[in-house]
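Listing of protein_22.tsv; format and content: TSV, C-alpha atoms.
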chain	number	residue	atom	x	y	z
A	1	MET	CA	201.10	-25.17	396.66
A	2	THR	CA	199.08	-27.00	394.08
A	3	VAL	CA	199.25	-30.79	393.97
A	4	ALA	CA	198.57	-32.41	390.63
A	5	VAL	CA	196.11	-35.26	390.89
A	6	PRO	CA	196.55	-37.88	388.19
A	7	LEU	CA	193.41	-38.65	386.25
A	8	THR	CA	192.48	-42.18	385.30
A	9	LEU	CA	190.60	-42.43	382.03
A	10	PRO	CA	187.76	-44.97	381.97
A	11	ARG	CA	188.20	-48.00	379.81
A	12	VAL	CA	185.89	-46.72	377.17
A	13	HIS	CA	187.20	-48.93	374.41
A	14	SER	CA	187.00	-52.15	376.40
A	15	VAL	CA	183.46	-51.38	377.56
A	16	THR	CA	182.43	-50.55	374.00
A	17	ALA	CA	183.94	-53.79	372.73
A	18	VAL	CA	182.04	-55.81	375.31
A	19	ARG	CA	178.83	-54.07	374.34
A	20	HIS	CA	179.46	-54.79	370.68
A	21	LEU	CA	180.01	-58.47	371.44
A	22	ALA	CA	176.92	-58.67	373.65
A	23	ARG	CA	174.71	-56.92	371.14
A	24	GLY	CA	176.14	-58.97	368.32
A	25	GLY	CA	175.43	-62.17	370.25
A	26	LEU	CA	171.85	-61.09	370.89
A	27	LEU	CA	171.41	-60.18	367.23
A	28	GLY	CA	172.79	-63.57	366.19
A	29	LEU	CA	170.48	-65.37	368.64
A	30	ALA	CA	167.47	-63.44	367.35
A	31	ALA	CA	168.38	-64.28	363.75
A	32	LEU	CA	168.82	-67.94	364.70
A	33	LEU	CA	165.45	-68.24	366.47
A	34	LEU	CA	163.65	-66.40	363.69
A	35	GLY	CA	165.40	-68.53	361.09
A	36	ILE	CA	164.47	-71.82	362.78
A	37	THR	CA	160.83	-70.76	363.09
A	38	ALA	CA	160.65	-69.65	359.46
A	39	GLN	CA	162.51	-72.78	358.35
A	40	LEU	CA	160.13	-75.21	360.04
A	41	LEU	CA	156.88	-73.43	359.24
A	42	VAL	CA	157.45	-72.01	355.76
A	43	ILE	CA	160.80	-72.42	354.05
A	44	SER	CA	161.29	-76.16	354.61
A	45	GLY	CA	158.14	-76.95	352.65
A	46	ALA	CA	159.33	-74.86	349.72
A	47	GLN	CA	162.74	-76.54	349.83
A	48	GLU	CA	161.18	-80.01	349.79
A	49	HIS	CA	158.89	-79.02	346.90
A	50	SER	CA	161.88	-77.80	344.88
A	51	ALA	CA	163.92	-80.93	345.70
A	52	GLN	CA	160.99	-83.13	344.65
A	53	HIS	CA	160.77	-81.39	341.27
A	54	ALA	CA	164.47	-82.01	340.64
A	55	ALA	CA	164.23	-85.63	341.83
A	56	PHE	CA	161.16	-86.27	339.66
A	57	ASP	CA	162.95	-85.00	336.56
A	58	GLU	CA	165.94	-87.23	337.32
A	59	LEU	CA	163.83	-90.32	338.01
A	60	ARG	CA	161.63	-89.78	334.95
A	61	ASN	CA	164.71	-89.55	332.74
A	62	GLN	CA	166.16	-92.73	334.25
A	63	LEU	CA	162.89	-94.61	333.85
A	64	ALA	CA	162.75	-93.58	330.20
A	65	LEU	CA	166.32	-94.77	329.65
A	66	GLY	CA	165.88	-97.94	331.68
A	67	THR	CA	168.66	-96.98	334.10
A	68	ALA	CA	166.61	-96.39	337.29
A	69	PRO	CA	168.01	-98.24	340.34
A	70	VAL	CA	166.47	-101.64	341.13
A	71	ALA	CA	168.86	-102.77	343.88
A	72	GLN	CA	171.01	-101.46	346.72
A	73	THR	CA	173.79	-100.90	344.20
A	74	ASP	CA	174.01	-99.10	340.88
A	75	GLN	CA	174.94	-100.63	337.51
A	76	ASP	CA	178.62	-100.46	338.44
A	77	GLY	CA	178.13	-102.38	341.67
A	78	ARG	CA	178.57	-99.37	343.96
A	79	LEU	CA	176.16	-98.64	346.80
A	80	LEU	CA	173.55	-96.06	345.85
A	81	ALA	CA	174.43	-92.64	347.19
A	82	PRO	CA	172.04	-91.34	349.89
A	83	GLY	CA	169.40	-89.17	348.27
A	84	THR	CA	169.35	-91.05	344.96
A	85	PRO	CA	165.78	-91.16	343.50
A	86	VAL	CA	164.61	-94.79	343.44
A	87	ALA	CA	160.80	-94.83	343.19
A	88	LEU	CA	157.59	-92.85	342.79
A	89	ILE	CA	154.78	-93.50	345.28
A	90	ASP	CA	151.21	-92.49	344.43
A	91	VAL	CA	148.53	-92.62	347.17
A	92	PRO	CA	145.18	-91.55	345.63
A	93	ARG	CA	143.37	-91.55	348.99
A	94	LEU	CA	145.75	-88.83	350.23
A	95	GLY	CA	146.22	-87.07	346.90
A	96	THR	CA	149.97	-87.60	347.36
A	97	THR	CA	152.61	-88.33	344.76
A	98	GLN	CA	156.19	-88.30	346.00
A	99	VAL	CA	159.60	-89.32	344.71
A	100	VAL	CA	161.24	-91.78	347.11
A	101	LEU	CA	164.94	-91.30	347.81
A	102	GLU	CA	167.55	-93.81	348.96
A	103	GLY	CA	168.29	-93.55	352.69
A	104	THR	CA	166.37	-92.51	355.78
A	105	ASP	CA	168.60	-90.19	357.78
A	106	SER	CA	167.54	-86.64	358.56
A	107	SER	CA	169.40	-85.00	355.68
A	108	VAL	CA	167.79	-87.32	353.09
A	109	LEU	CA	164.27	-86.95	354.49
A	110	THR	CA	164.46	-83.17	354.08
A	111	ASP	CA	163.96	-83.78	350.33
A	112	GLY	CA	161.16	-86.34	350.54
A	113	PRO	CA	160.32	-89.88	351.70
A	114	GLY	CA	163.22	-92.29	351.98
A	115	HIS	CA	163.72	-96.00	351.33
A	116	ARG	CA	165.29	-97.92	354.20
A	117	ARG	CA	168.49	-99.25	352.66
A	118	ASP	CA	168.52	-102.65	354.37
A	119	THR	CA	165.16	-103.65	352.89
A	120	PRO	CA	164.15	-104.74	349.35
A	121	MET	CA	163.04	-102.17	346.82
A	122	PRO	CA	159.26	-101.63	346.62
A	123	GLY	CA	157.58	-104.21	344.40
A	124	GLN	CA	160.06	-106.96	345.25
A	125	ALA	CA	159.49	-109.97	347.49
A	126	GLY	CA	160.04	-109.34	351.19
A	127	THR	CA	159.23	-106.40	353.42
A	128	SER	CA	160.16	-102.98	352.07
A	129	VAL	CA	160.16	-99.91	354.33
A	130	LEU	CA	159.60	-96.28	353.36
A	131	MET	CA	159.92	-93.46	355.90
A	132	GLY	CA	158.69	-89.87	355.63
A	133	ARG	CA	158.26	-86.75	357.73
A	134	ALA	CA	154.97	-85.89	359.40
A	135	ALA	CA	155.25	-82.10	359.67
A	136	ALA	CA	158.44	-80.35	358.56
A	137	TYR	CA	159.69	-80.20	354.96
A	138	GLY	CA	156.24	-80.54	353.48
A	139	GLY	CA	155.18	-83.39	355.79
A	140	PRO	CA	154.79	-85.84	352.87
A	141	PHE	CA	153.51	-88.62	355.17
A	142	CYS	CA	151.31	-86.45	357.38
A	143	GLY	CA	148.16	-88.10	356.02
A	144	LEU	CA	149.12	-91.69	356.82
A	145	PRO	CA	146.88	-91.88	359.94
A	146	SER	CA	143.81	-91.42	357.72
A	147	LEU	CA	144.52	-94.54	355.67
A	148	THR	CA	142.31	-97.55	356.38
A	149	ALA	CA	142.36	-101.23	355.52
A	150	GLY	CA	141.45	-101.76	351.88
A	151	ASP	CA	142.96	-98.52	350.54
A	152	THR	CA	145.21	-99.09	347.54
A	153	PHE	CA	148.23	-97.22	346.19
A	154	SER	CA	151.06	-97.83	343.76
A	155	VAL	CA	154.83	-97.54	343.67
A	156	THR	CA	156.76	-97.23	340.40
A	157	THR	CA	160.40	-98.30	340.19
A	158	GLY	CA	162.84	-99.26	337.46
A	159	GLN	CA	161.16	-102.69	337.39
A	160	GLY	CA	157.65	-101.39	336.78
A	161	ARG	CA	154.52	-100.46	338.70
A	162	ALA	CA	153.62	-102.34	341.89
A	163	THR	CA	150.18	-102.20	343.53
A	164	TYR	CA	149.62	-102.41	347.28
A	165	ARG	CA	146.57	-102.74	349.50
A	166	VAL	CA	146.59	-101.41	353.07
A	167	SER	CA	146.07	-104.15	355.63
A	168	GLY	CA	146.28	-102.04	358.78
A	169	VAL	CA	147.61	-99.02	360.64
A	170	ARG	CA	149.49	-99.60	363.88
A	171	ARG	CA	151.06	-97.55	366.64
A	172	ALA	CA	153.26	-98.46	369.57
A	173	GLY	CA	151.88	-101.54	371.32
A	174	ASP	CA	149.72	-102.72	368.42
A	175	PRO	CA	150.39	-106.28	367.20
A	176	ALA	CA	152.61	-106.70	364.16
A	177	PRO	CA	151.19	-108.45	361.09
A	178	ALA	CA	151.82	-112.13	360.51
A	179	PRO	CA	155.15	-113.06	358.90
A	180	LEU	CA	155.19	-113.01	355.12
A	181	ALA	CA	154.85	-116.21	353.17
A	182	SER	CA	157.73	-117.08	350.89
A	183	GLY	CA	157.67	-115.08	347.65
A	184	LYS	CA	155.19	-112.50	348.93
A	185	GLY	CA	155.77	-108.77	349.31
A	186	ARG	CA	154.83	-106.13	351.86
A	187	LEU	CA	155.45	-102.40	352.16
A	188	VAL	CA	155.56	-100.56	355.49
A	189	LEU	CA	155.10	-96.77	355.46
A	190	VAL	CA	156.58	-95.14	358.57
A	191	THR	CA	156.10	-91.66	360.04
A	192	ALA	CA	155.82	-89.91	363.41
A	193	THR	CA	152.80	-89.58	365.68
A	194	GLY	CA	152.01	-86.90	368.24
A	195	SER	CA	151.43	-83.17	368.07
A	196	ARG	CA	152.65	-81.29	365.03
A	197	PHE	CA	156.42	-80.69	365.32
A	198	VAL	CA	156.44	-82.61	368.63
A	199	PRO	CA	156.77	-86.31	367.70
A	200	SER	CA	155.98	-88.77	370.46
A	201	GLY	CA	156.01	-92.11	368.68
A	202	VAL	CA	156.03	-94.01	365.42
A	203	LEU	CA	153.09	-94.90	363.16
A	204	ARG	CA	153.31	-97.72	360.64
A	205	VAL	CA	151.00	-98.52	357.74
A	206	ASP	CA	151.25	-102.12	356.53
A	207	ALA	CA	150.33	-102.83	352.91
A	208	ASP	CA	150.36	-106.14	351.05
A	209	LEU	CA	151.74	-106.44	347.53
A	210	MET	CA	148.86	-107.28	345.18
A	211	SER	CA	150.78	-107.39	341.90
A	212	THR	CA	153.33	-110.01	340.91
A	213	PRO	CA	156.61	-109.51	342.79
A	214	PHE	CA	159.58	-108.31	340.77
A	215	PRO	CA	162.89	-110.19	340.85
A	216	THR	CA	164.75	-109.45	344.06
A	217	PRO	CA	168.53	-108.90	343.69
A	218	ALA	CA	170.87	-110.18	346.39
A	219	ALA	CA	171.16	-107.82	349.36
A	220	VAL	CA	174.45	-106.07	350.10
A	221	ILE	CA	173.30	-104.20	353.20
A	222	ARG	CA	171.95	-106.69	355.70
A	223	SER	CA	169.26	-106.06	358.29
A	224	GLY	CA	170.64	-104.61	361.51
A	225	THR	CA	173.74	-103.07	359.93
A	226	LEU	CA	172.40	-99.58	359.29
A	227	PRO	CA	173.71	-96.60	361.30
A	228	ALA	CA	171.52	-95.53	364.21
A	229	SER	CA	170.87	-92.23	362.38
A	230	GLU	CA	168.66	-94.08	359.85
A	231	GLU	CA	166.30	-95.56	362.42
A	232	PRO	CA	162.84	-94.00	363.05
A	233	LEU	CA	162.96	-90.75	365.07
A	234	ALA	CA	166.78	-90.83	365.00
A	235	ARG	CA	169.14	-87.86	365.00
A	236	PRO	CA	172.43	-87.53	363.09
A	237	ASP	CA	175.59	-89.05	364.57
A	238	GLY	CA	178.84	-87.23	365.21
A	239	VAL	CA	179.72	-83.54	365.44
A	240	PRO	CA	177.66	-81.32	363.11
A	241	TRP	CA	180.64	-79.48	361.66
A	242	PRO	CA	178.65	-77.62	358.96
A	243	LEU	CA	176.41	-76.19	361.70
A	244	VAL	CA	179.45	-75.14	363.75
A	245	MET	CA	180.97	-73.29	360.79
A	246	TRP	CA	177.72	-71.53	359.90
A	247	LEU	CA	177.22	-70.52	363.55
A	248	GLN	CA	180.66	-68.94	363.64
A	249	ALA	CA	179.96	-67.04	360.45
A	250	LEU	CA	176.62	-65.82	361.84
A	251	LEU	CA	178.23	-64.60	365.07
A	252	LEU	CA	180.98	-62.75	363.22
A	253	ALA	CA	178.45	-61.10	360.90
A	254	ALA	CA	176.28	-60.07	363.86
A	255	VAL	CA	179.23	-58.49	365.70
A	256	ALA	CA	180.33	-56.72	362.51
A	257	ALA	CA	176.79	-55.42	362.03
A	258	VAL	CA	176.73	-53.91	365.54
A	259	TRP	CA	180.13	-52.32	364.97
A	260	ALA	CA	179.00	-50.90	361.63
A	261	TRP	CA	175.83	-49.53	363.26
A	262	HIS	CA	178.00	-47.24	365.40
A	263	ARG	CA	180.57	-46.43	362.70
A	264	TRP	CA	178.51	-46.12	359.54
A	265	GLY	CA	175.03	-45.39	360.74
A	266	ARG	CA	171.72	-47.19	360.85
A	267	HIS	CA	170.66	-47.06	357.22
A	268	GLN	CA	174.00	-48.15	355.75
A	269	THR	CA	174.19	-51.06	358.17
A	270	TRP	CA	170.70	-52.29	357.29
A	271	ILE	CA	171.47	-52.16	353.59
A	272	VAL	CA	174.74	-54.10	353.89
A	273	PHE	CA	174.19	-56.53	356.75
A	274	ALA	CA	170.47	-57.38	356.74
A	275	PRO	CA	170.75	-59.71	353.71
A	276	VAL	CA	173.98	-61.25	355.06
A	277	VAL	CA	172.56	-61.98	358.53
A	278	ALA	CA	169.31	-63.31	356.97
A	279	VAL	CA	171.15	-65.74	354.68
A	280	LEU	CA	173.46	-66.95	357.44
A	281	GLY	CA	170.52	-67.31	359.83
A	282	LEU	CA	168.68	-69.42	357.27
A	283	GLN	CA	171.73	-71.64	356.73
A	284	VAL	CA	172.12	-72.16	360.47
A	285	ALA	CA	168.40	-72.86	360.81
A	286	THR	CA	168.55	-75.46	358.03
A	287	ARG	CA	171.49	-77.26	359.66
A	288	THR	CA	169.79	-77.04	363.06
A	289	THR	CA	166.56	-78.63	361.84
A	290	GLU	CA	168.61	-81.52	360.43
A	291	LEU	CA	169.56	-82.33	364.05
A	292	LEU	CA	165.90	-82.90	364.93
A	293	PRO	CA	164.27	-86.37	364.67
A	294	ASN	CA	164.23	-87.54	361.07
A	295	LEU	CA	160.45	-88.16	361.04
A	296	LEU	CA	159.55	-84.71	362.43

Represent the structure contained in this file as structure tokens.
Amino acid sequence: MTVAVPLTLPRVHSVTAVRHLARGGLLGLAALLLGITAQLLVISGAQEHSAQHAAFDELRNQLALGTAPVAQTDQDGRLLAPGTPVALIDVPRLGTTQVVLEGTDSSVLTDGPGHRRDTPMPGQAGTSVLMGRAAAYGGPFCGLPSLTAGDTFSVTTGQGRATYRVSGVRRAGDPAPAPLASGKGRLVLVTATGSRFVPSGVLRVDADLMSTPFPTPAAVIRSGTLPASEEPLARPDGVPWPLVMWLQALLLAAVAAVWAWHRWGRHQTWIVFAPVVAVLGLQVATRTTELLPNLL
């Protein structure tokens, strides 16, 4: 008498699905790490260079028309949007000419140096503050440590050209300069110190206004009212929703690429998915670097 023994088929499909997810996750992680490395070392500098070209064209046109910003608000009384070009700084000693943008959070400083919004515009009476990155996105302020007392530079705004002379370079623990006399102007250039891409502190270059101060409009944004994300070495506040969405898209593309590898074949998958994964990895890398300290 023959007894039939029931056969249990292995869960081939479930195991395959798990493998697809695991391989897709690893592919997404590899694309992310490669994208962040390429973003910090190579691509970010090119992005900043392109953004500076666009900002320079916009500022030059506004200067020619006499509509460049000279206050915290525009001609209609509205606060300047973050990233608005407001000045052009030229430091001959460093061979640096950069368009200064309004705001100092991480997203603004990816396109160039930023003007701290609760301080006067450069060239006006009072203490103005400009902040810039030391390494990533072109590192426009990477040369600040080499400035010495007596070096001069200029800043051009909608009110004209202001000339400054460096009075000192200070790090954490160094004494601050004496308070400004009434009607005088000072500019403080701020960047990060420490190893490249590993900021450990803040460096400040103090410069006295040598030219006649421009009229100073009434302030709308008072000192101490800025978000924490605009302070030196700060990170963005809140949930980075754009990064979350791009991460989800990258993971889905990576899983789809692994599935296609087994269904379509190697060559077809490379042709279709390599550009998609590369673009998504770059987008995720860009959003990830914006979460790093704003002076990096």

Next on the checklist: List the spatial neighbours of region 83-93 of chain A as a list in words - criterion: any atom at most 7 Å away, only C-alpha atoms, same-chain residues fewer than 4 positions off excluded.
Outcome noted: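 Within the cut-off, the hits are Ala55, Leu59, Ala68, Pro69, Thr97, Gln98, Val99, Val100, Leu101, Glu102, Gly103, Val108, Phe153, Ser154, Val155, Thr156 and Thr157 of chain A.
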
Next on the checklist: Quick check, in Å to one decimal: how far apart do CA of Leu147 (chain A) and CA of Asp208 (chain A) lie?
Outcome noted: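 Result for CA of Leu147 (chain A) versus CA of Asp208 (chain A): 13.8 Å, one decimal.
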
Next on the checklist: Could you check the closest approach to Gly185 (chain A) for each of A:His267, A:Arg170, A:Arg165, A:Arg204 and tell me which residue wins, using all atoms listed in the file?
Outcome noted: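 Smallest separation from Gly185 (chain A) among the options: A:Arg165.
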
As a compact mmCIF listing (two decimals) with C-alpha atoms, in the frame of the given file, please: the residues near Leu41 (chain A) (cut-off 12 Å, all atoms listed in the file, same-chain neighbours under 5 positions excluded).
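File produced: part.txt:
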# COMPACT_ATOMS: atom_id res chain seq x y z
CA LEU A 34 163.65 -66.40 363.69
CA GLY A 35 165.40 -68.53 361.09
CA ILE A 36 164.47 -71.82 362.78
CA ALA A 46 159.33 -74.86 349.72
CA GLN A 47 162.74 -76.54 349.83
CA ALA A 135 155.25 -82.10 359.67
CA ALA A 136 158.44 -80.35 358.56
CA TYR A 137 159.69 -80.20 354.96
CA GLY A 138 156.24 -80.54 353.48
CA GLY A 139 155.18 -83.39 355.79
CA ARG A 196 152.65 -81.29 365.03
CA PHE A 197 156.42 -80.69 365.32
CA ALA A 285 168.40 -72.86 360.81
CA THR A 286 168.55 -75.46 358.03
CA THR A 289 166.56 -78.63 361.84

Checklist outcome for this item: Students should find that CA of Val190 (chain A) and CA of Ala176 (chain A) are spaced 13.4 Å

Checklist entry - Given the choices A:Leu80, A:Pro175, A:Gln72, A:Arg186, which gets closest to Pro122 (chain A) if the distance is worked out from all atoms listed in the file? => result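 Going through A:Leu80, A:Pro175, A:Gln72, A:Arg186 one by one, the smallest distance to Pro122 (chain A) is for A:Arg186.
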